[in-house]
Amino acid sequence: MNIQELKSFLALYKKETQQTEKWLELRLIEAEDAQFSFTTEELTFGARVAWRNSNKCIGRLFWNSLTVLDQRHLLDEKAIFKALLEHIAFATNDGKIRPVISIFAHKRVHIWNHQLIRYAGYETAEGVIGDSDSLAFTKTCEALGWRGARTNYDVLPLVIQVDDRPPKFIEIPKAYVVEVQIEHPNYDFSSLQMKWYAVPIISSMRFNIGGIDFQAAPFNGWYMGTEIGARNLADEARYHYLPKVAQQMGIETTLNASLWKDRALVELNIAVLHSYKKAGVSIVDHHTAAQQFELFQKQEQKEQREITGNWTWLIPPLSPATTSIYHQPILNKTKKPNYFYQPLPYK
Ligand code: ARG
């Protein structure tokens, strides 16, 4: 614990939630105590501000609407699995996705998954089956005794560890995993059997607040279409669908200068947005997201807070120069509270 960071967090909380001088005085005394812990209100505010401070995120306009589930009291594996399933259900909300974070006990609870819902990946003699991003974690799950069906879209189990006990895993019941089949409004992509899950719930980052780390704090928003259509399904090192998409479009794939990749990329992204919309699952296109980011910037300016961002992450991977973000520099300075990467708990 870092007393200076704790004090500056409490000062920020006081300022933005209009606490009295007296309140701060008392809380600063408590901050000196080894027994100090955040109230649920402080944690809620901190998790929202951590989103506001997330320089890589284009979706920060909605930072103040984050639902915070305080699960710090749970230390039993079964209860934690139940809470994770509740997170998935509450966030999914029949497709009307709600941004949520669940915060688990400081230092004691560890989630091994990168995202709560993620597809497995297997190295085979014929190449990778599934998501190559998940190769190492899939191996870990199999070493723990899990066995996947070896389709391209096996949902990985939840793996958690409490204290020094051996990690435990559970399969997520099918009913909790909403998925969207990708179809195109004009082309027939059905033979490609593309799909993706509804809710991206990052579970590998630590939530840092007042110098204290909550290493198990899974959080989600809704997808921006390009994350799926221009990266997950398109990257050569991921699902590598562009050649197949081009084939379904009936365009040749030999000449770079024909821009067949670009044409396939656009149609794949149209298909993703169309399919999520049709399935009633929240998704945002990159043009709308960029406009929302502009609103966020205006709002922050009005509140006289310094606007920070990581340009390399904020620009969308499809047609970046069509968004205003591309055309302005932005300061990539780290403010806290925030979410940070942390070492993998396995291997
Ligand atoms: N890019 C990651 C993925 O495709 C998800 C990151 C979080 N995205 C979000 N829209 N909140 O799975």
# chains A, B, ... in the order shown; residues from 1 in each chain; ligands from 1
>>> residues_near_ligand(ligand="ligand 1", cutoff="7 Å", atoms="only C-alpha atoms and all ligand atoms", output="PyMOL selection string")
chain A and resi 200-202+220-224+227-228+232
>>> write_last_selection(atoms="N, CA and C atoms", output="compact mmCIF listing (two decimals), in the first residue's frame")
# COMPACT_ATOMS: atom_id res chain seq x y z
N PRO A 200 -17.47 -8.75 -24.31
CA PRO A 200 -16.04 -8.86 -23.98
C PRO A 200 -15.80 -8.47 -22.53
N ILE A 201 -15.43 -9.44 -21.69
CA ILE A 201 -15.25 -9.17 -20.25
C ILE A 201 -13.78 -9.42 -19.88
N ILE A 202 -13.01 -8.35 -19.91
CA ILE A 202 -11.57 -8.45 -19.62
C ILE A 202 -11.38 -8.82 -18.15
N ASN A 220 -16.50 -5.15 -18.23
CA ASN A 220 -16.92 -5.22 -19.63
C ASN A 220 -17.62 -3.97 -20.08
N GLY A 221 -17.54 -3.71 -21.37
CA GLY A 221 -18.44 -2.79 -22.06
C GLY A 221 -19.13 -3.60 -23.14
N TRP A 222 -19.50 -2.93 -24.23
CA TRP A 222 -19.99 -3.68 -25.40
C TRP A 222 -18.92 -3.57 -26.48
N TYR A 223 -19.05 -4.36 -27.51
CA TYR A 223 -18.07 -4.36 -28.58
C TYR A 223 -18.19 -3.16 -29.50
N MET A 224 -17.04 -2.71 -30.03
CA MET A 224 -17.03 -1.89 -31.23
C MET A 224 -16.80 -2.88 -32.37
N GLU A 227 -13.38 -4.45 -33.56
CA GLU A 227 -12.63 -5.38 -32.71
C GLU A 227 -12.80 -6.81 -33.22
N ILE A 228 -14.02 -7.09 -33.69
CA ILE A 228 -14.34 -8.42 -34.20
C ILE A 228 -14.02 -8.50 -35.70
N ASN A 232 -10.31 -9.73 -34.65
CA ASN A 232 -10.48 -11.12 -34.22
C ASN A 232 -10.72 -12.07 -35.40
>>> residues_around(residues="Tyr341 of chain A", least_positions_apart="4", cutoff="9 Å", atoms="only C-alpha atoms", output="list in words")
Ser204, Met205 and Arg206 of chain A
>>> write_last_selection(atoms="all heavy atoms", output="CSV table (one decimal), in the first residue's frame")
chain,number,residue,atom,x,y,z
A,204,SER,N,-8.1,-10.0,-17.0
A,204,SER,CA,-6.7,-10.2,-16.7
A,204,SER,C,-6.0,-9.0,-16.2
A,204,SER,O,-4.8,-9.0,-15.9
A,204,SER,CB,-6.0,-10.7,-18.0
A,204,SER,OG,-6.2,-9.8,-19.0
A,205,MET,N,-6.7,-7.9,-16.1
A,205,MET,CA,-6.1,-6.6,-15.6
A,205,MET,C,-6.3,-6.4,-14.2
A,205,MET,O,-7.3,-6.8,-13.6
A,205,MET,CB,-6.6,-5.5,-16.5
A,205,MET,CG,-6.2,-5.6,-17.9
A,205,MET,SD,-6.8,-4.2,-19.0
A,205,MET,CE,-5.6,-3.0,-18.7
A,206,ARG,N,-5.4,-5.6,-13.5
A,206,ARG,CA,-5.6,-5.3,-12.1
A,206,ARG,C,-6.2,-3.9,-12.1
A,206,ARG,O,-5.8,-3.0,-12.9
A,206,ARG,CB,-4.2,-5.3,-11.4
A,206,ARG,CG,-3.2,-4.4,-11.9
A,206,ARG,CD,-1.8,-4.6,-11.1
A,206,ARG,NE,-0.8,-4.0,-11.9
A,206,ARG,CZ,-0.3,-2.8,-11.7
A,206,ARG,NH1,-0.8,-2.0,-10.7
A,206,ARG,NH2,0.7,-2.3,-12.4
>>> residues_around(residues="Ala230 of chain A", least_positions_apart="2", cutoff="8 Å", atoms="only C-alpha atoms", output="PDB file with N, CA, C and O atoms, in the first residue's frame")
ATOM      1  N   GLY A 225     -17.541  -2.726 -33.465  1.00  0.00           N
ATOM      2  CA  GLY A 225     -17.530  -3.723 -34.536  1.00  0.00           C
ATOM      3  C   GLY A 225     -16.149  -4.115 -35.031  1.00  0.00           C
ATOM      4  O   GLY A 225     -15.874  -5.295 -35.274  1.00  0.00           O
ATOM      5  N   THR A 226     -15.256  -3.136 -35.148  1.00  0.00           N
ATOM      6  CA  THR A 226     -13.927  -3.428 -35.706  1.00  0.00           C
ATOM      7  C   THR A 226     -13.106  -4.386 -34.841  1.00  0.00           C
ATOM      8  O   THR A 226     -12.216  -5.066 -35.357  1.00  0.00           O
ATOM      9  N   GLU A 227     -13.383  -4.451 -33.557  1.00  0.00           N
ATOM     10  CA  GLU A 227     -12.628  -5.385 -32.709  1.00  0.00           C
ATOM     11  C   GLU A 227     -12.805  -6.813 -33.223  1.00  0.00           C
ATOM     12  O   GLU A 227     -11.882  -7.617 -33.204  1.00  0.00           O
ATOM     13  N   ILE A 228     -14.020  -7.090 -33.687  1.00  0.00           N
ATOM     14  CA  ILE A 228     -14.336  -8.424 -34.196  1.00  0.00           C
ATOM     15  C   ILE A 228     -14.015  -8.505 -35.697  1.00  0.00           C
ATOM     16  O   ILE A 228     -13.300  -9.397 -36.152  1.00  0.00           O
ATOM     17  N   ASN A 232     -10.313  -9.729 -34.648  1.00  0.00           N
ATOM     18  CA  ASN A 232     -10.476 -11.122 -34.222  1.00  0.00           C
ATOM     19  C   ASN A 232     -10.715 -12.071 -35.398  1.00  0.00           C
ATOM     20  O   ASN A 232     -10.091 -13.123 -35.502  1.00  0.00           O
ATOM     21  N   LEU A 233     -11.623 -11.710 -36.290  1.00  0.00           N
ATOM     22  CA  LEU A 233     -11.942 -12.594 -37.407  1.00  0.00           C
ATOM     23  C   LEU A 233     -11.037 -12.346 -38.617  1.00  0.00           C
ATOM     24  O   LEU A 233     -10.982 -13.167 -39.535  1.00  0.00           O
ATOM     25  N   ALA A 234     -10.328 -11.216 -38.623  1.00  0.00           N
ATOM     26  CA  ALA A 234      -9.587 -10.828 -39.828  1.00  0.00           C
ATOM     27  C   ALA A 234      -8.069 -11.037 -39.741  1.00  0.00           C
ATOM     28  O   ALA A 234      -7.449 -11.421 -40.736  1.00  0.00           O
ATOM     29  N   ASP A 235      -7.478 -10.795 -38.579  1.00  0.00           N
ATOM     30  CA  ASP A 235      -6.013 -10.900 -38.471  1.00  0.00           C
ATOM     31  C   ASP A 235      -5.533 -12.257 -38.991  1.00  0.00           C
ATOM     32  O   ASP A 235      -6.134 -13.300 -38.699  1.00  0.00           O
ATOM     33  N   LEU A 265     -12.465  -6.692 -46.036  1.00  0.00           N
ATOM     34  CA  LEU A 265     -12.503  -6.159 -44.672  1.00  0.00           C
ATOM     35  C   LEU A 265     -13.760  -5.316 -44.438  1.00  0.00           C
ATOM     36  O   LEU A 265     -14.445  -5.458 -43.420  1.00  0.00           O
ATOM     37  N   LEU A 268     -16.816  -7.629 -44.330  1.00  0.00           N
ATOM     38  CA  LEU A 268     -16.846  -8.403 -43.085  1.00  0.00           C
ATOM     39  C   LEU A 268     -17.325  -7.522 -41.923  1.00  0.00           C
ATOM     40  O   LEU A 268     -18.125  -7.948 -41.087  1.00  0.00           O
ATOM     41  N   ASN A 269     -16.867  -6.290 -41.903  1.00  0.00           N
ATOM     42  CA  ASN A 269     -17.295  -5.373 -40.833  1.00  0.00           C
ATOM     43  C   ASN A 269     -18.764  -4.982 -40.960  1.00  0.00           C
ATOM     44  O   ASN A 269     -19.455  -4.817 -39.948  1.00  0.00           O
ATOM     45  N   PRO A 317      -9.001   0.315 -36.385  1.00  0.00           N
ATOM     46  CA  PRO A 317      -8.175  -0.369 -37.375  1.00  0.00           C
ATOM     47  C   PRO A 317      -8.780  -0.349 -38.786  1.00  0.00           C
ATOM     48  O   PRO A 317      -8.160  -0.838 -39.717  1.00  0.00           O
ATOM     49  N   LEU A 318      -9.967   0.196 -38.914  1.00  0.00           N
ATOM     50  CA  LEU A 318     -10.598   0.312 -40.235  1.00  0.00           C
ATOM     51  C   LEU A 318     -10.844   1.799 -40.505  1.00  0.00           C
ATOM     52  O   LEU A 318     -11.452   2.480 -39.684  1.00  0.00           O
TER      53      LEU A 318
END
>>> select_by_dssp(residues="segment 87-334 of chain A", states="strand (DSSP E)", output="JSON, numbers by chain")
{"A": [100, 101, 102, 103, 104, 109, 110, 111, 121, 122, 123, 124, 127, 128, 129, 130, 158, 159, 160, 161, 162, 168, 169, 170, 179, 180, 181, 195, 196, 197, 201, 202, 206, 207, 208, 209, 212, 213, 214, 219, 220, 223, 224, 283, 284]}
>>> select_by_dssp(residues="segment 47-295 of chain A", states="alpha helix (DSSP H)", output="VMD selection string")
chain A and resid 47 to 52 77 to 92 135 to 143 225 to 226 242 to 249 260 to 279 286 to 295
>>> closest_residue(among="A:Val49, A:Leu314, A:Ile209, A:Ile129", to="His327 of chain A", atoms="only C-alpha atoms")
A:Leu314
>>> closest_atom_pairs(of="segment 53-125 of chain A", to="segment 131-149 of chain A", cutoff="8 Å", atoms="only C-alpha atoms", output="JSON lines")
{"residue": "A:Asn113", "atom": "CA", "partner": "A:Phe137", "partner_atom": "CA", "distance": 7.5}
{"residue": "A:Arg118", "atom": "CA", "partner": "A:Ser134", "partner_atom": "CA", "distance": 7.9}
{"residue": "A:Tyr119", "atom": "CA", "partner": "A:Asp131", "partner_atom": "CA", "distance": 5.9}
{"residue": "A:Ala120", "atom": "CA", "partner": "A:Ser134", "partner_atom": "CA", "distance": 5.4}
{"residue": "A:Gly121", "atom": "CA", "partner": "A:Asp131", "partner_atom": "CA", "distance": 4.4}
{"residue": "A:Tyr122", "atom": "CA", "partner": "A:Leu135", "partner_atom": "CA", "distance": 5.8}
{"residue": "A:Glu123", "atom": "CA", "partner": "A:Leu135", "partner_atom": "CA", "distance": 7.1}
>>> write_last_selection(atoms="N, CA, C and O atoms", output="compact mmCIF listing (two decimals), in the first residue's frame")
# COMPACT_ATOMS: atom_id res chain seq x y z
N ASN A 113 -8.38 -16.51 -16.47
CA ASN A 113 -8.83 -16.20 -17.84
C ASN A 113 -8.41 -14.80 -18.26
O ASN A 113 -8.39 -13.89 -17.44
N ARG A 118 -14.18 -16.61 -23.84
CA ARG A 118 -13.12 -16.56 -24.85
C ARG A 118 -13.03 -17.93 -25.50
O ARG A 118 -13.27 -18.94 -24.83
N TYR A 119 -12.68 -17.97 -26.77
CA TYR A 119 -12.59 -19.26 -27.46
C TYR A 119 -11.21 -19.88 -27.30
O TYR A 119 -10.20 -19.19 -27.32
N ALA A 120 -11.21 -21.21 -27.16
CA ALA A 120 -9.98 -21.98 -27.03
C ALA A 120 -9.21 -21.99 -28.35
O ALA A 120 -9.78 -21.74 -29.42
N GLY A 121 -7.92 -22.28 -28.26
CA GLY A 121 -7.10 -22.44 -29.45
C GLY A 121 -6.18 -23.65 -29.27
O GLY A 121 -5.64 -23.86 -28.18
N TYR A 122 -6.07 -24.49 -30.32
CA TYR A 122 -5.27 -25.71 -30.24
C TYR A 122 -4.27 -25.75 -31.38
O TYR A 122 -4.64 -25.52 -32.54
N GLU A 123 -3.04 -26.07 -31.06
CA GLU A 123 -2.01 -26.27 -32.07
C GLU A 123 -2.16 -27.71 -32.58
O GLU A 123 -2.14 -28.64 -31.78
>>> closest_residue(among="A:Ala264, A:Ile58, A:Val159, A:Ala34", to="Gly309 of chain A", atoms="only C-alpha atoms")
A:Ile58
>>> residues_around(residues="segment 167-172 of chain A", least_positions_apart="4", cutoff="7 Å", atoms="only C-alpha atoms", output="PyMOL selection string")
chain A and resi 157-161+176
>>> write_last_selection(atoms="N, CA and C atoms", output="PDB file, in the first residue's frame")
ATOM      1  N   PRO A 157     -13.258 -22.771 -20.091  1.00  0.00           N
ATOM      2  CA  PRO A 157     -13.866 -22.765 -18.750  1.00  0.00           C
ATOM      3  C   PRO A 157     -13.373 -21.549 -17.950  1.00  0.00           C
ATOM      4  N   LEU A 158     -14.087 -21.245 -16.879  1.00  0.00           N
ATOM      5  CA  LEU A 158     -13.597 -20.231 -15.939  1.00  0.00           C
ATOM      6  C   LEU A 158     -12.591 -20.899 -15.021  1.00  0.00           C
ATOM      7  N   VAL A 159     -11.454 -20.251 -14.812  1.00  0.00           N
ATOM      8  CA  VAL A 159     -10.430 -20.812 -13.920  1.00  0.00           C
ATOM      9  C   VAL A 159     -10.117 -19.787 -12.843  1.00  0.00           C
ATOM     10  N   ILE A 160     -10.293 -20.197 -11.595  1.00  0.00           N
ATOM     11  CA  ILE A 160      -9.988 -19.264 -10.507  1.00  0.00           C
ATOM     12  C   ILE A 160      -9.129 -19.917  -9.441  1.00  0.00           C
ATOM     13  N   GLN A 161      -8.427 -19.086  -8.723  1.00  0.00           N
ATOM     14  CA  GLN A 161      -7.587 -19.563  -7.646  1.00  0.00           C
ATOM     15  C   GLN A 161      -7.776 -18.648  -6.439  1.00  0.00           C
ATOM     16  N   TYR A 176     -25.604 -19.106 -20.582  1.00  0.00           N
ATOM     17  CA  TYR A 176     -24.989 -17.825 -20.217  1.00  0.00           C
ATOM     18  C   TYR A 176     -24.210 -17.179 -21.360  1.00  0.00           C
TER      19      TYR A 176
END
>>> closest_residue(among="A:Glu306, A:Asp213, A:Glu183, A:Asp262", to="Ala279 of chain A", atoms="only C-alpha atoms")
A:Glu183
>>> atom_distance(atom1="atom CA of Pro185 of chain A", atom2="atom CA of Ser319 of chain A")
20.9 Å
>>> closest_residue(among="A:Val177, A:Thr44, A:Lys335, A:Ser203", to="Arg305 of chain A", atoms="only C-alpha atoms")
A:Lys335
>>> atom_distance(atom1="atom CA of Glu303 of chain A", atom2="atom CA of His287 of chain A")
24.7 Å
>>> decode(residues="segment 232-266 of chain A", atoms="N, CA, C and O atoms", output="tab-separated table (two decimals), in the first residue's frame")
chain	number	residue	atom	x	y	z
A	232	ASN	N	-10.31	-9.73	-34.65
A	232	ASN	CA	-10.48	-11.12	-34.22
A	232	ASN	C	-10.72	-12.07	-35.40
A	232	ASN	O	-10.09	-13.12	-35.50
A	233	LEU	N	-11.62	-11.71	-36.29
A	233	LEU	CA	-11.94	-12.59	-37.41
A	233	LEU	C	-11.04	-12.35	-38.62
A	233	LEU	O	-10.98	-13.17	-39.53
A	234	ALA	N	-10.33	-11.22	-38.62
A	234	ALA	CA	-9.59	-10.83	-39.83
A	234	ALA	C	-8.07	-11.04	-39.74
A	234	ALA	O	-7.45	-11.42	-40.74
A	235	ASP	N	-7.48	-10.79	-38.58
A	235	ASP	CA	-6.01	-10.90	-38.47
A	235	ASP	C	-5.53	-12.26	-38.99
A	235	ASP	O	-6.13	-13.30	-38.70
A	236	GLU	N	-4.40	-12.20	-39.70
A	236	GLU	CA	-3.83	-13.46	-40.20
A	236	GLU	C	-3.49	-14.40	-39.06
A	236	GLU	O	-3.60	-15.62	-39.19
A	237	ALA	N	-3.04	-13.84	-37.95
A	237	ALA	CA	-2.66	-14.68	-36.82
A	237	ALA	C	-3.84	-15.01	-35.91
A	237	ALA	O	-3.66	-15.63	-34.86
A	238	ARG	N	-5.05	-14.61	-36.29
A	238	ARG	CA	-6.25	-14.98	-35.51
A	238	ARG	C	-7.12	-15.88	-36.40
A	238	ARG	O	-6.67	-16.92	-36.84
A	239	TYR	N	-8.34	-15.47	-36.75
A	239	TYR	CA	-9.20	-16.38	-37.52
A	239	TYR	C	-9.00	-16.28	-39.03
A	239	TYR	O	-9.52	-17.11	-39.77
A	240	HIS	N	-8.29	-15.28	-39.49
A	240	HIS	CA	-7.79	-15.21	-40.88
A	240	HIS	C	-8.89	-15.46	-41.94
A	240	HIS	O	-8.73	-16.29	-42.83
A	241	TYR	N	-10.00	-14.73	-41.81
A	241	TYR	CA	-11.14	-14.99	-42.69
A	241	TYR	C	-11.13	-14.19	-44.00
A	241	TYR	O	-11.98	-14.43	-44.86
A	242	LEU	N	-10.22	-13.23	-44.17
A	242	LEU	CA	-10.34	-12.36	-45.36
A	242	LEU	C	-10.29	-13.11	-46.70
A	242	LEU	O	-11.13	-12.83	-47.58
A	243	PRO	N	-9.38	-14.08	-46.89
A	243	PRO	CA	-9.38	-14.79	-48.18
A	243	PRO	C	-10.71	-15.49	-48.44
A	243	PRO	O	-11.23	-15.47	-49.56
A	244	LYS	N	-11.29	-16.09	-47.38
A	244	LYS	CA	-12.56	-16.80	-47.54
A	244	LYS	C	-13.72	-15.83	-47.81
A	244	LYS	O	-14.62	-16.13	-48.59
A	245	VAL	N	-13.67	-14.68	-47.14
A	245	VAL	CA	-14.70	-13.67	-47.37
A	245	VAL	C	-14.63	-13.19	-48.82
A	245	VAL	O	-15.64	-13.08	-49.52
A	246	ALA	N	-13.41	-12.93	-49.30
A	246	ALA	CA	-13.23	-12.47	-50.69
A	246	ALA	C	-13.78	-13.50	-51.66
A	246	ALA	O	-14.43	-13.16	-52.66
A	247	GLN	N	-13.52	-14.77	-51.34
A	247	GLN	CA	-14.01	-15.84	-52.20
A	247	GLN	C	-15.54	-15.83	-52.27
A	247	GLN	O	-16.12	-15.95	-53.35
A	248	GLN	N	-16.18	-15.65	-51.12
A	248	GLN	CA	-17.66	-15.60	-51.10
A	248	GLN	C	-18.18	-14.37	-51.83
A	248	GLN	O	-19.30	-14.39	-52.36
A	249	MET	N	-17.36	-13.33	-51.86
A	249	MET	CA	-17.77	-12.11	-52.59
A	249	MET	C	-17.53	-12.27	-54.09
A	249	MET	O	-17.99	-11.45	-54.89
A	250	GLY	N	-16.78	-13.29	-54.46
A	250	GLY	CA	-16.48	-13.52	-55.86
A	250	GLY	C	-15.47	-12.55	-56.43
A	250	GLY	O	-15.52	-12.20	-57.61
A	251	ILE	N	-14.54	-12.09	-55.59
A	251	ILE	CA	-13.49	-11.20	-56.12
A	251	ILE	C	-12.15	-11.94	-56.09
A	251	ILE	O	-11.93	-12.83	-55.28
A	252	GLU	N	-11.28	-11.56	-57.00
A	252	GLU	CA	-9.99	-12.25	-57.11
A	252	GLU	C	-9.08	-11.84	-55.94
A	252	GLU	O	-9.25	-10.77	-55.36
A	253	THR	N	-8.15	-12.71	-55.60
A	253	THR	CA	-7.30	-12.45	-54.43
A	253	THR	C	-5.82	-12.56	-54.77
A	253	THR	O	-5.01	-12.94	-53.93
A	254	THR	N	-5.47	-12.23	-56.01
A	254	THR	CA	-4.06	-12.37	-56.40
A	254	THR	C	-3.32	-11.04	-56.43
A	254	THR	O	-2.13	-11.00	-56.15
A	255	LEU	N	-4.02	-9.97	-56.77
A	255	LEU	CA	-3.33	-8.69	-56.93
A	255	LEU	C	-3.51	-7.81	-55.70
A	255	LEU	O	-4.63	-7.42	-55.37
A	256	ASN	N	-2.41	-7.50	-55.03
A	256	ASN	CA	-2.48	-6.58	-53.90
A	256	ASN	C	-3.20	-5.30	-54.29
A	256	ASN	O	-4.04	-4.78	-53.54
A	257	ALA	N	-2.86	-4.80	-55.48
A	257	ALA	CA	-3.34	-3.49	-55.91
A	257	ALA	C	-4.84	-3.49	-56.25
A	257	ALA	O	-5.43	-2.43	-56.45
A	258	SER	N	-5.46	-4.67	-56.27
A	258	SER	CA	-6.92	-4.68	-56.45
A	258	SER	C	-7.63	-4.29	-55.16
A	258	SER	O	-8.82	-4.05	-55.13
A	259	LEU	N	-6.85	-4.24	-54.09
A	259	LEU	CA	-7.38	-3.93	-52.75
A	259	LEU	C	-8.46	-4.93	-52.31
A	259	LEU	O	-9.42	-4.57	-51.62
A	260	TRP	N	-8.28	-6.19	-52.69
A	260	TRP	CA	-9.27	-7.20	-52.31
A	260	TRP	C	-9.36	-7.35	-50.79
A	260	TRP	O	-10.45	-7.54	-50.25
A	261	LYS	N	-8.21	-7.21	-50.11
A	261	LYS	CA	-8.26	-7.33	-48.63
A	261	LYS	C	-9.11	-6.22	-48.03
A	261	LYS	O	-9.89	-6.46	-47.10
A	262	ASP	N	-8.91	-5.02	-48.56
A	262	ASP	CA	-9.67	-3.87	-48.04
A	262	ASP	C	-11.16	-4.04	-48.30
A	262	ASP	O	-12.00	-3.75	-47.44
A	263	ARG	N	-11.48	-4.53	-49.51
A	263	ARG	CA	-12.90	-4.74	-49.86
A	263	ARG	C	-13.51	-5.82	-48.97
A	263	ARG	O	-14.63	-5.67	-48.46
A	264	ALA	N	-12.76	-6.91	-48.76
A	264	ALA	CA	-13.26	-8.00	-47.91
A	264	ALA	C	-13.43	-7.50	-46.47
A	264	ALA	O	-14.41	-7.82	-45.79
A	265	LEU	N	-12.46	-6.69	-46.04
A	265	LEU	CA	-12.50	-6.16	-44.67
A	265	LEU	C	-13.76	-5.32	-44.44
A	265	LEU	O	-14.45	-5.46	-43.42
A	266	VAL	N	-14.07	-4.46	-45.38
A	266	VAL	CA	-15.27	-3.61	-45.24
A	266	VAL	C	-16.52	-4.48	-45.17
A	266	VAL	O	-17.37	-4.28	-44.29
